[in-house]
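The file entry_17.pdb comes next; it holds PDB, C-alpha atoms.
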MODEL        1
ATOM      1  CA  MET A  26       0.000   0.000   0.000
ATOM      2  CA  PRO A  27       1.473   3.417  -0.901
ATOM      3  CA  ALA A  28       2.152   5.927   1.868
ATOM      4  CA  LEU A  29      -0.854   8.016   2.874
ATOM      5  CA  THR A  30      -0.865  11.708   2.053
ATOM      6  CA  PRO A  31      -0.503  14.062   5.044
ATOM      7  CA  ALA A  32      -4.157  15.191   4.779
ATOM      8  CA  VAL A  33      -5.429  11.592   4.722
ATOM      9  CA  LEU A  34      -3.216  10.641   7.649
ATOM     10  CA  HIS A  35      -4.302  13.642   9.756
ATOM     11  CA  ILE A  36      -7.991  13.054   9.041
ATOM     12  CA  LEU A  37      -7.824   9.309   9.785
ATOM     13  CA  LEU A  38      -5.923  10.083  12.980
ATOM     14  CA  ALA A  39      -8.525  12.680  14.012
ATOM     15  CA  LEU A  40     -11.354  10.198  13.387
ATOM     16  CA  ALA A  41      -9.543   7.429  15.286
ATOM     17  CA  GLY A  42     -10.671   9.134  18.485
ATOM     18  CA  GLY A  43     -14.347   8.965  17.533
ATOM     19  CA  GLU A  44     -16.848  10.374  15.094
ATOM     20  CA  LEU A  45     -16.517  14.041  14.209
ATOM     21  CA  HIS A  46     -18.010  16.591  11.837
ATOM     22  CA  GLY A  47     -15.861  18.562   9.397
ATOM     23  CA  TYR A  48     -15.106  21.465  11.722
ATOM     24  CA  GLY A  49     -14.432  18.991  14.528
ATOM     25  CA  ILE A  50     -11.845  17.314  12.302
ATOM     26  CA  LEU A  51     -10.222  20.699  11.597
ATOM     27  CA  LYS A  52      -9.974  21.458  15.320
ATOM     28  CA  GLU A  53      -8.790  17.975  16.238
ATOM     29  CA  VAL A  54      -6.006  18.123  13.622
ATOM     30  CA  MET A  55      -4.931  21.514  14.995
ATOM     31  CA  ARG A  56      -4.986  20.083  18.517
ATOM     32  CA  HIS A  57      -2.877  17.009  17.792
ATOM     33  CA  THR A  58      -0.345  19.026  15.771
ATOM     34  CA  ASP A  59      -0.203  21.881  18.310
ATOM     35  CA  GLY A  60      -1.614  24.245  15.703
ATOM     36  CA  ALA A  61       1.100  23.473  13.138
ATOM     37  CA  VAL A  62      -1.359  22.002  10.633
ATOM     38  CA  ARG A  63      -4.570  23.766   9.717
ATOM     39  CA  LEU A  64      -6.514  21.933   7.020
ATOM     40  CA  GLY A  65      -8.862  24.048   4.927
ATOM     41  CA  PRO A  66     -12.503  23.061   4.364
ATOM     42  CA  GLY A  67     -11.830  22.153   0.731
ATOM     43  CA  THR A  68      -8.997  19.833   1.717
ATOM     44  CA  ILE A  69     -11.058  18.236   4.490
ATOM     45  CA  TYR A  70     -14.198  17.569   2.435
ATOM     46  CA  GLY A  71     -12.289  16.659  -0.724
ATOM     47  CA  THR A  72     -10.304  14.108   1.282
ATOM     48  CA  LEU A  73     -13.417  12.853   3.086
ATOM     49  CA  GLN A  74     -15.078  12.339  -0.303
ATOM     50  CA  ARG A  75     -12.176  10.173  -1.487
ATOM     51  CA  LEU A  76     -12.015   8.303   1.818
ATOM     52  CA  MET A  77     -15.744   7.536   1.629
ATOM     53  CA  GLU A  78     -15.337   6.319  -1.960
ATOM     54  CA  SER A  79     -12.567   3.967  -0.865
ATOM     55  CA  GLY A  80     -14.606   2.774   2.115
ATOM     56  CA  TRP A  81     -12.222   3.999   4.807
ATOM     57  CA  VAL A  82     -14.655   6.554   6.239
ATOM     58  CA  GLU A  83     -18.433   6.547   6.414
ATOM     59  CA  GLU A  84     -21.078   9.029   7.399
ATOM     60  CA  SER A  85     -22.678   8.419  10.792
ATOM     61  CA  ASP A  86     -25.671   9.684  12.712
ATOM     62  CA  GLY A  87     -23.305  11.471  15.090
ATOM     63  CA  PRO A  88     -22.716  10.884  18.754
ATOM     64  CA  ALA A  89     -25.741  10.900  21.063
ATOM     65  CA  THR A  90     -24.260  13.994  22.724
ATOM     66  CA  ALA A  91     -24.079  15.953  19.456
ATOM     67  CA  VAL A  92     -25.293  19.494  20.073
ATOM     68  CA  ASP A  93     -26.034  20.229  16.431
ATOM     69  CA  GLU A  94     -27.843  17.360  14.746
ATOM     70  CA  ARG A  95     -27.823  19.113  11.377
ATOM     71  CA  ARG A  96     -24.088  18.594  11.111
ATOM     72  CA  ARG A  97     -22.884  15.590   9.152
ATOM     73  CA  HIS A  98     -20.627  13.348  11.165
ATOM     74  CA  TYR A  99     -18.020  10.938   9.896
ATOM     75  CA  ARG A 100     -16.351   7.871  11.397
ATOM     76  CA  LEU A 101     -13.625   5.399  10.553
ATOM     77  CA  THR A 102     -14.597   2.053   9.103
ATOM     78  CA  ARG A 103     -12.743  -1.140   9.943
ATOM     79  CA  SER A 104     -10.708  -0.961   6.722
ATOM     80  CA  GLY A 105      -9.924   2.717   7.461
ATOM     81  CA  ARG A 106      -8.567   1.772  10.868
ATOM     82  CA  GLN A 107      -6.521  -1.042   9.327
ATOM     83  CA  ALA A 108      -5.058   1.396   6.781
ATOM     84  CA  LEU A 109      -4.167   3.833   9.561
ATOM     85  CA  GLU A 110      -2.543   1.081  11.628
ATOM     86  CA  ALA A 111      -0.549  -0.087   8.602
ATOM     87  CA  GLU A 112       0.659   3.472   8.012
ATOM     88  CA  VAL A 113       1.672   3.921  11.655
ATOM     89  CA  ARG A 114       3.619   0.634  11.500
ATOM     90  CA  ARG A 115       5.319   1.838   8.301
ATOM     91  CA  MET A 116       6.259   5.107  10.020
ATOM     92  CA  GLU A 117       7.554   3.254  13.085
ATOM     93  CA  GLY A 118       9.839   1.284  10.779
ATOM     94  CA  LEU A 119      11.086   4.524   9.244
ATOM     95  CA  VAL A 120      11.752   6.033  12.671
ATOM     96  CA  ARG A 121      13.654   2.898  13.735
ATOM     97  CA  THR A 122      15.805   3.144  10.601
ATOM     98  CA  ALA A 123      16.441   6.848  11.233
ATOM     99  CA  ARG A 124      17.366   6.209  14.874
ATOM    100  CA  ALA A 125      19.776   3.477  13.792
ATOM    101  CA  GLN A 126      21.473   6.134  11.647
ATOM    102  CA  ARG A 127      21.544   8.435  14.728
ATOM    103  CA  ILE A 128      19.066  10.787  13.140
ATOM    104  CA  GLY A 129      16.577  12.377  15.465
ATOM    105  CA  ALA A 130      17.838  10.394  18.452
ATOM    106  CA  ARG A 131      17.839  12.168  21.783
ATOM    107  CA  PRO A 132      21.419  12.992  22.803
ATOM    108  CA  SER A 133      22.497  10.815  25.720
ATOM    109  CA  ARG A 134      23.655  12.665  28.813
ATOM    110  CA  GLY A 135      27.042  12.148  30.480
TER     111      GLY A 135
ATOM    112  CA  MET B  24     -15.417  17.030  20.032
ATOM    113  CA  THR B  25     -17.871  19.338  18.458
ATOM    114  CA  GLY B  26     -16.434  22.672  19.427
ATOM    115  CA  HIS B  27     -19.484  24.828  18.784
ATOM    116  CA  THR B  28     -22.925  25.471  20.124
ATOM    117  CA  GLY B  29     -26.096  24.133  18.603
ATOM    118  CA  ARG B  30     -27.383  27.583  17.743
ATOM    119  CA  PRO B  31     -26.766  28.594  14.150
ATOM    120  CA  ARG B  32     -24.254  31.416  14.002
ATOM    121  CA  PRO B  33     -25.060  34.439  11.861
ATOM    122  CA  ARG B  34     -22.903  34.281   8.752
ATOM    123  CA  GLY B  35     -20.584  37.207   8.133
ATOM    124  CA  ILE B  36     -19.893  38.678   4.739
ATOM    125  CA  GLY B  37     -16.716  36.587   4.416
ATOM    126  CA  ALA B  38     -18.614  33.314   4.782
ATOM    127  CA  ARG B  39     -21.245  34.519   2.307
ATOM    128  CA  VAL B  40     -18.567  35.398  -0.241
ATOM    129  CA  TYR B  41     -17.001  31.988   0.370
ATOM    130  CA  GLY B  42     -20.384  30.315  -0.179
ATOM    131  CA  ALA B  43     -20.752  32.186  -3.470
ATOM    132  CA  ALA B  44     -17.186  31.307  -4.512
ATOM    133  CA  LEU B  45     -18.006  27.622  -4.058
ATOM    134  CA  PHE B  46     -19.997  27.922  -7.302
ATOM    135  CA  LEU B  47     -16.592  27.611  -8.994
ATOM    136  CA  CYS B  48     -16.455  23.989  -7.839
ATOM    137  CA  PRO B  49     -18.016  21.155  -9.866
ATOM    138  CA  PRO B  50     -21.788  20.886  -9.207
ATOM    139  CA  ALA B  51     -21.665  17.374  -7.670
ATOM    140  CA  PHE B  52     -19.026  18.371  -5.108
ATOM    141  CA  ARG B  53     -20.852  21.639  -4.386
ATOM    142  CA  ARG B  54     -24.195  19.899  -3.805
ATOM    143  CA  GLU B  55     -22.570  17.387  -1.487
ATOM    144  CA  PHE B  56     -20.437  19.638   0.709
ATOM    145  CA  SER B  57     -21.032  23.366   0.162
ATOM    146  CA  THR B  58     -23.416  23.785   3.119
ATOM    147  CA  GLU B  59     -20.965  22.154   5.527
ATOM    148  CA  MET B  60     -17.993  24.001   4.076
ATOM    149  CA  THR B  61     -19.669  27.396   4.359
ATOM    150  CA  ARG B  62     -20.754  26.621   7.924
ATOM    151  CA  ASP B  63     -17.202  25.586   8.855
ATOM    152  CA  VAL B  64     -15.789  28.798   7.408
ATOM    153  CA  ALA B  65     -18.375  30.856   9.322
ATOM    154  CA  ASP B  66     -17.454  29.010  12.534
ATOM    155  CA  ALA B  67     -13.713  29.425  11.901
ATOM    156  CA  ALA B  68     -14.153  33.169  11.253
ATOM    157  CA  GLU B  69     -16.219  33.507  14.418
ATOM    158  CA  ASP B  70     -13.660  31.600  16.490
ATOM    159  CA  MET B  71     -10.849  33.725  15.038
ATOM    160  CA  ARG B  72     -12.558  36.989  15.976
ATOM    161  CA  SER B  73     -10.706  37.239  19.278
ATOM    162  CA  GLY B  74      -7.351  36.577  17.569
ATOM    163  CA  GLY B  75      -7.001  40.043  16.052
ATOM    164  CA  GLY B  76      -6.643  41.404  12.530
ATOM    165  CA  ALA B  77      -3.428  39.584  11.603
ATOM    166  CA  ALA B  78      -4.836  36.200  12.616
ATOM    167  CA  ALA B  79      -8.024  36.871  10.668
ATOM    168  CA  LEU B  80      -6.010  37.903   7.616
ATOM    169  CA  LEU B  81      -3.955  34.707   7.802
ATOM    170  CA  LEU B  82      -7.146  32.680   8.157
ATOM    171  CA  TRP B  83      -8.712  34.213   5.043
ATOM    172  CA  ILE B  84      -5.508  33.836   3.023
ATOM    173  CA  GLY B  85      -5.428  30.170   4.020
ATOM    174  CA  ILE B  86      -9.089  29.697   3.140
ATOM    175  CA  ALA B  87      -8.657  31.424  -0.242
ATOM    176  CA  ALA B  88      -5.617  29.280  -1.108
ATOM    177  CA  ASP B  89      -7.461  26.146  -0.012
ATOM    178  CA  LEU B  90     -10.470  27.072  -2.143
ATOM    179  CA  ALA B  91      -8.306  27.735  -5.214
ATOM    180  CA  ALA B  92      -6.612  24.350  -4.842
ATOM    181  CA  THR B  93      -9.967  22.647  -4.237
ATOM    182  CA  VAL B  94     -11.494  24.114  -7.418
ATOM    183  CA  VAL B  95      -8.588  22.830  -9.521
ATOM    184  CA  VAL B  96      -8.425  19.398  -7.852
ATOM    185  CA  GLN B  97     -12.186  18.814  -7.971
ATOM    186  CA  TRP B  98     -12.463  19.786 -11.645
ATOM    187  CA  LEU B  99      -9.520  17.516 -12.475
ATOM    188  CA  ARG B 100     -11.306  14.680 -10.651
ATOM    189  CA  THR B 101     -14.365  15.103 -12.871
ATOM    190  CA  GLY B 102     -12.212  14.356 -15.923
ATOM    191  CA  TRP B 103     -13.611  17.350 -17.822
ATOM    192  CA  PRO B 104     -10.245  19.089 -18.462
ATOM    193  CA  VAL B 105      -8.892  15.842 -19.969
ATOM    194  CA  LEU B 106     -12.102  15.481 -21.958
ATOM    195  CA  ALA B 107     -11.781  19.036 -23.300
ATOM    196  CA  ALA B 108      -8.102  18.548 -24.167
ATOM    197  CA  PHE B 109      -8.802  15.271 -26.016
ATOM    198  CA  SER B 110     -11.765  16.784 -27.872
ATOM    199  CA  LEU B 111      -9.760  19.821 -28.913
ATOM    200  CA  ALA B 112      -6.740  17.767 -29.951
ATOM    201  CA  GLY B 113      -8.941  15.393 -31.981
ATOM    202  CA  ALA B 114     -10.720  18.235 -33.739
ATOM    203  CA  ILE B 115      -7.476  20.099 -34.519
ATOM    204  CA  ALA B 116      -5.872  16.922 -35.898
ATOM    205  CA  ALA B 117      -8.885  16.190 -38.112
ATOM    206  CA  THR B 118      -8.964  19.778 -39.385
ATOM    207  CA  ARG B 119      -5.258  19.623 -40.158
ATOM    208  CA  VAL B 120      -5.724  16.421 -42.164
ATOM    209  CA  ALA B 121      -8.630  17.995 -44.073
ATOM    210  CA  ALA B 122      -6.633  21.168 -44.777
ATOM    211  CA  ASN B 123      -3.664  19.131 -46.044
ATOM    212  CA  MET B 124      -5.913  17.145 -48.348
ATOM    213  CA  LEU B 125      -7.339  20.324 -49.822
ATOM    214  CA  LEU B 126      -3.850  21.773 -50.352
ATOM    215  CA  HIS B 127      -2.385  18.681 -52.036
ATOM    216  CA  GLU B 128      -5.402  17.710 -54.124
ATOM    217  CA  PRO B 129      -6.526  20.901 -55.776
ATOM    218  CA  LEU B 130     -10.080  21.341 -56.910
ATOM    219  CA  PRO B 131     -10.810  20.460 -60.583
ATOM    220  CA  VAL B 132     -11.397  24.126 -61.298
ATOM    221  CA  PRO B 133      -9.204  26.985 -60.009
ATOM    222  CA  ALA B 134     -10.482  28.177 -56.661
ATOM    223  CA  SER B 135     -11.720  31.746 -56.607
ATOM    224  CA  ALA B 136     -11.649  33.981 -53.534
ATOM    225  CA  HIS B 137     -15.284  33.109 -52.970
ATOM    226  CA  ASP B 138     -14.445  29.368 -53.061
ATOM    227  CA  ARG B 139     -11.638  29.876 -50.535
ATOM    228  CA  ASP B 140     -14.014  31.677 -48.185
ATOM    229  CA  LEU B 141     -16.457  28.817 -48.564
ATOM    230  CA  MET B 142     -13.744  26.228 -47.846
ATOM    231  CA  THR B 143     -12.649  28.155 -44.726
ATOM    232  CA  LEU B 144     -16.230  28.285 -43.556
ATOM    233  CA  LEU B 145     -16.633  24.554 -44.166
ATOM    234  CA  LEU B 146     -13.423  23.810 -42.264
ATOM    235  CA  LEU B 147     -14.505  25.947 -39.301
ATOM    236  CA  THR B 148     -17.959  24.352 -39.269
ATOM    237  CA  GLY B 149     -16.329  20.930 -39.462
ATOM    238  CA  THR B 150     -14.061  21.788 -36.525
ATOM    239  CA  VAL B 151     -16.988  22.900 -34.382
ATOM    240  CA  LEU B 152     -18.952  19.752 -35.294
ATOM    241  CA  LEU B 153     -15.940  17.554 -34.524
ATOM    242  CA  VAL B 154     -15.495  19.222 -31.120
ATOM    243  CA  ILE B 155     -19.171  18.559 -30.359
ATOM    244  CA  VAL B 156     -18.984  14.926 -31.505
ATOM    245  CA  ALA B 157     -15.706  14.321 -29.641
ATOM    246  CA  THR B 158     -17.185  15.877 -26.488
ATOM    247  CA  ILE B 159     -20.219  13.574 -26.692
ATOM    248  CA  VAL B 160     -18.073  10.486 -27.332
ATOM    249  CA  PHE B 161     -15.636  11.262 -24.515
ATOM    250  CA  THR B 162     -18.456  12.177 -22.140
ATOM    251  CA  PHE B 163     -19.970   8.724 -22.639
ATOM    252  CA  TRP B 164     -16.514   7.223 -22.242
ATOM    253  CA  PHE B 165     -15.916   9.007 -18.926
ATOM    254  CA  ALA B 166     -19.488   8.444 -17.739
ATOM    255  CA  ARG B 167     -19.216   4.647 -18.126
ATOM    256  CA  PRO B 168     -17.416   3.932 -14.820
ATOM    257  CA  VAL B 169     -19.779   6.315 -12.955
ATOM    258  CA  ALA B 170     -22.852   4.627 -14.455
ATOM    259  CA  ARG B 171     -21.402   1.199 -13.620
ATOM    260  CA  ARG B 172     -20.779   2.307  -9.996
ATOM    261  CA  ARG B 173     -24.364   3.542  -9.694
ATOM    262  CA  ARG B 174     -25.788   0.285 -11.073
ATOM    263  CA  ARG B 175     -23.925  -1.743  -8.409
TER     264      ARG B 175
ENDMDL
END
For the structure just supplied, provide its representation as structure tokens.
Amino acid sequence: MPALTPAVLHILLALAGGELHGYGILKEVMRHTDGAVRLGPGTIYGTLQRLMESGWVEESDGPATAVDERRRHYRLTRSGRQALEAEVRRMEGLVRTARAQRIGARPSRG
Amino acid sequence: MTGHTGRPRPRGIGARVYGAALFLCPPAFRREFSTEMTRDVADAAEDMRSGGGAAALLLWIGIAADLAATVVVQWLRTGWPVLAAFSLAGAIAATRVAANMLLHEPLPVPASAHDRDLMTLLLLTGTVLLVIVATIVFTFWFARPVARRRRR
């Protein structure tokens, strides 16, 4: 499977925590990147469209606690979660390789 | 995380302009997501209000850039630019062949200025007709996978 694009990865990661609407995804991505990544609405919905076509994300009724029922909520499907897990494993492998080359390793004290 | 109240927020002029600009997107994408996108932009603008002028400016620059990229990407996904390019290329190639034939196989009688005008008119009409035919053919070609998906 080819590497996921940054937008796909961020959106899948945001939805891994539970179902969200589009603006919720935007805020969740900003939260887990400390504000470094701000996806625009076009990027979010364009990516969601592709993810729904590939069966990785589906529309949901929204959580029971949803304050605005008119919003459309989205959640990960099983295959979406599997794709995310595969990508995280791929990235872990990359990080291990980088660490073995002493790239990005924390300097040891003493 | 929902991050907003259930009450609909009044939309500012920026969100309204954004909603209007979404008409640049392909109709299918617009029908599917424009309401949500406009609402998200209105919410983002409202949330950014306390951030000051510079933050708001950055937000709108980001939104404008995102919209421009979305328009291009979504139109490319429809296949229409490829369709137009193929149709145009096909029509130009056919016209070129026709023009070459006319140049190398002269008419039995010497062509007058009036005849040349008529030939130019015929070539132009032929080009337009070829573009229309090519567009129809390629539209059916591109519509096949969509129709197949809908039948499933």
- Message: On this structure, the ChimeraX specification (/B :<10) & /A would catch which residues? List them as a VMD selection string, sorted by chain and number.
- Response: chain A and resid 42 to 53 63 to 71 74 88 90 to 98
- Message: I need the residue nearest Ala111 of chain A from this list: A:Ala123, A:Met26, A:Met55, A:Ile36. Use only C-alpha atoms for the distance.
- Response: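 When distances to Ala111 of chain A are compared using only C-alpha atoms, the smallest one comes from A:Met26.
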- Item | Long-range neighbours of segment 155-157 of chain B as a VMD selection string, 8 Å cut-off, all atoms listed in the file, 3 positions minimum in chain | chain B and resid 109 to 110 113 to 114 151 to 152 160 to 161
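Interatomic distance, atom CA of Arg56 of chain A against atom CA of Val33 of chain A: 16.2 Å.
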- May I have the residues within 12 Å of Pro27 of chain A as JSON, numbers by chain, using only C-alpha atoms and disregarding those fewer than 5 positions away in the same chain? {"A": [108, 109, 111, 112, 115]}
- Distance atom CA of Ala121 of chain B-atom CA of Arg139 of chain B, one decimal place?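 Atom CA of Arg139 of chain B lies at a distance of 13.9 Å from atom CA of Ala121 of chain B.
Residues lying within 12 Å of Thr162 of chain B, counting only C-alpha atoms and ignoring same-chain neighbours fewer than 6 positions away, are Thr101, Gly102, Trp103, Pro104, Val105, Leu106, Ala107, Phe109, Ser110, Val154, Ile155, Val156, Pro168, Val169 and Ala170 of chain B.
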Since we have the selection now, will you write its residues out, keeping C-alpha atoms, as a CSV table (one decimal), in the coordinates of the input?
chain,number,residue,atom,x,y,z
B,101,THR,CA,-14.4,15.1,-12.9
B,102,GLY,CA,-12.2,14.4,-15.9
B,103,TRP,CA,-13.6,17.4,-17.8
B,104,PRO,CA,-10.2,19.1,-18.5
B,105,VAL,CA,-8.9,15.8,-20.0
B,106,LEU,CA,-12.1,15.5,-22.0
B,107,ALA,CA,-11.8,19.0,-23.3
B,109,PHE,CA,-8.8,15.3,-26.0
B,110,SER,CA,-11.8,16.8,-27.9
B,154,VAL,CA,-15.5,19.2,-31.1
B,155,ILE,CA,-19.2,18.6,-30.4
B,156,VAL,CA,-19.0,14.9,-31.5
B,168,PRO,CA,-17.4,3.9,-14.8
B,169,VAL,CA,-19.8,6.3,-13.0
B,170,ALA,CA,-22.9,4.6,-14.5
- Enter the distance from atom CA of Val113 of chain A to atom CA of Thr30 of chain A, in Å, rounded to one decimal. 12.6 Å
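With distances restricted to all atoms listed in the file, B:Thr150 is the closest residue to Arg119 of chain B from B:Ser73, B:Thr158, B:Ser135, B:Thr150.
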Need the axis-aligned box for segment 52-70 of chain A with 5 Å each side, so what are the centre and edges in Å to one decimal, as lines of an AutoDock Vina configuration file?
center_x = -6.5
center_y = 20.6
center_z = 9.6
size_x = 25.3
size_y = 17.2
size_z = 27.8
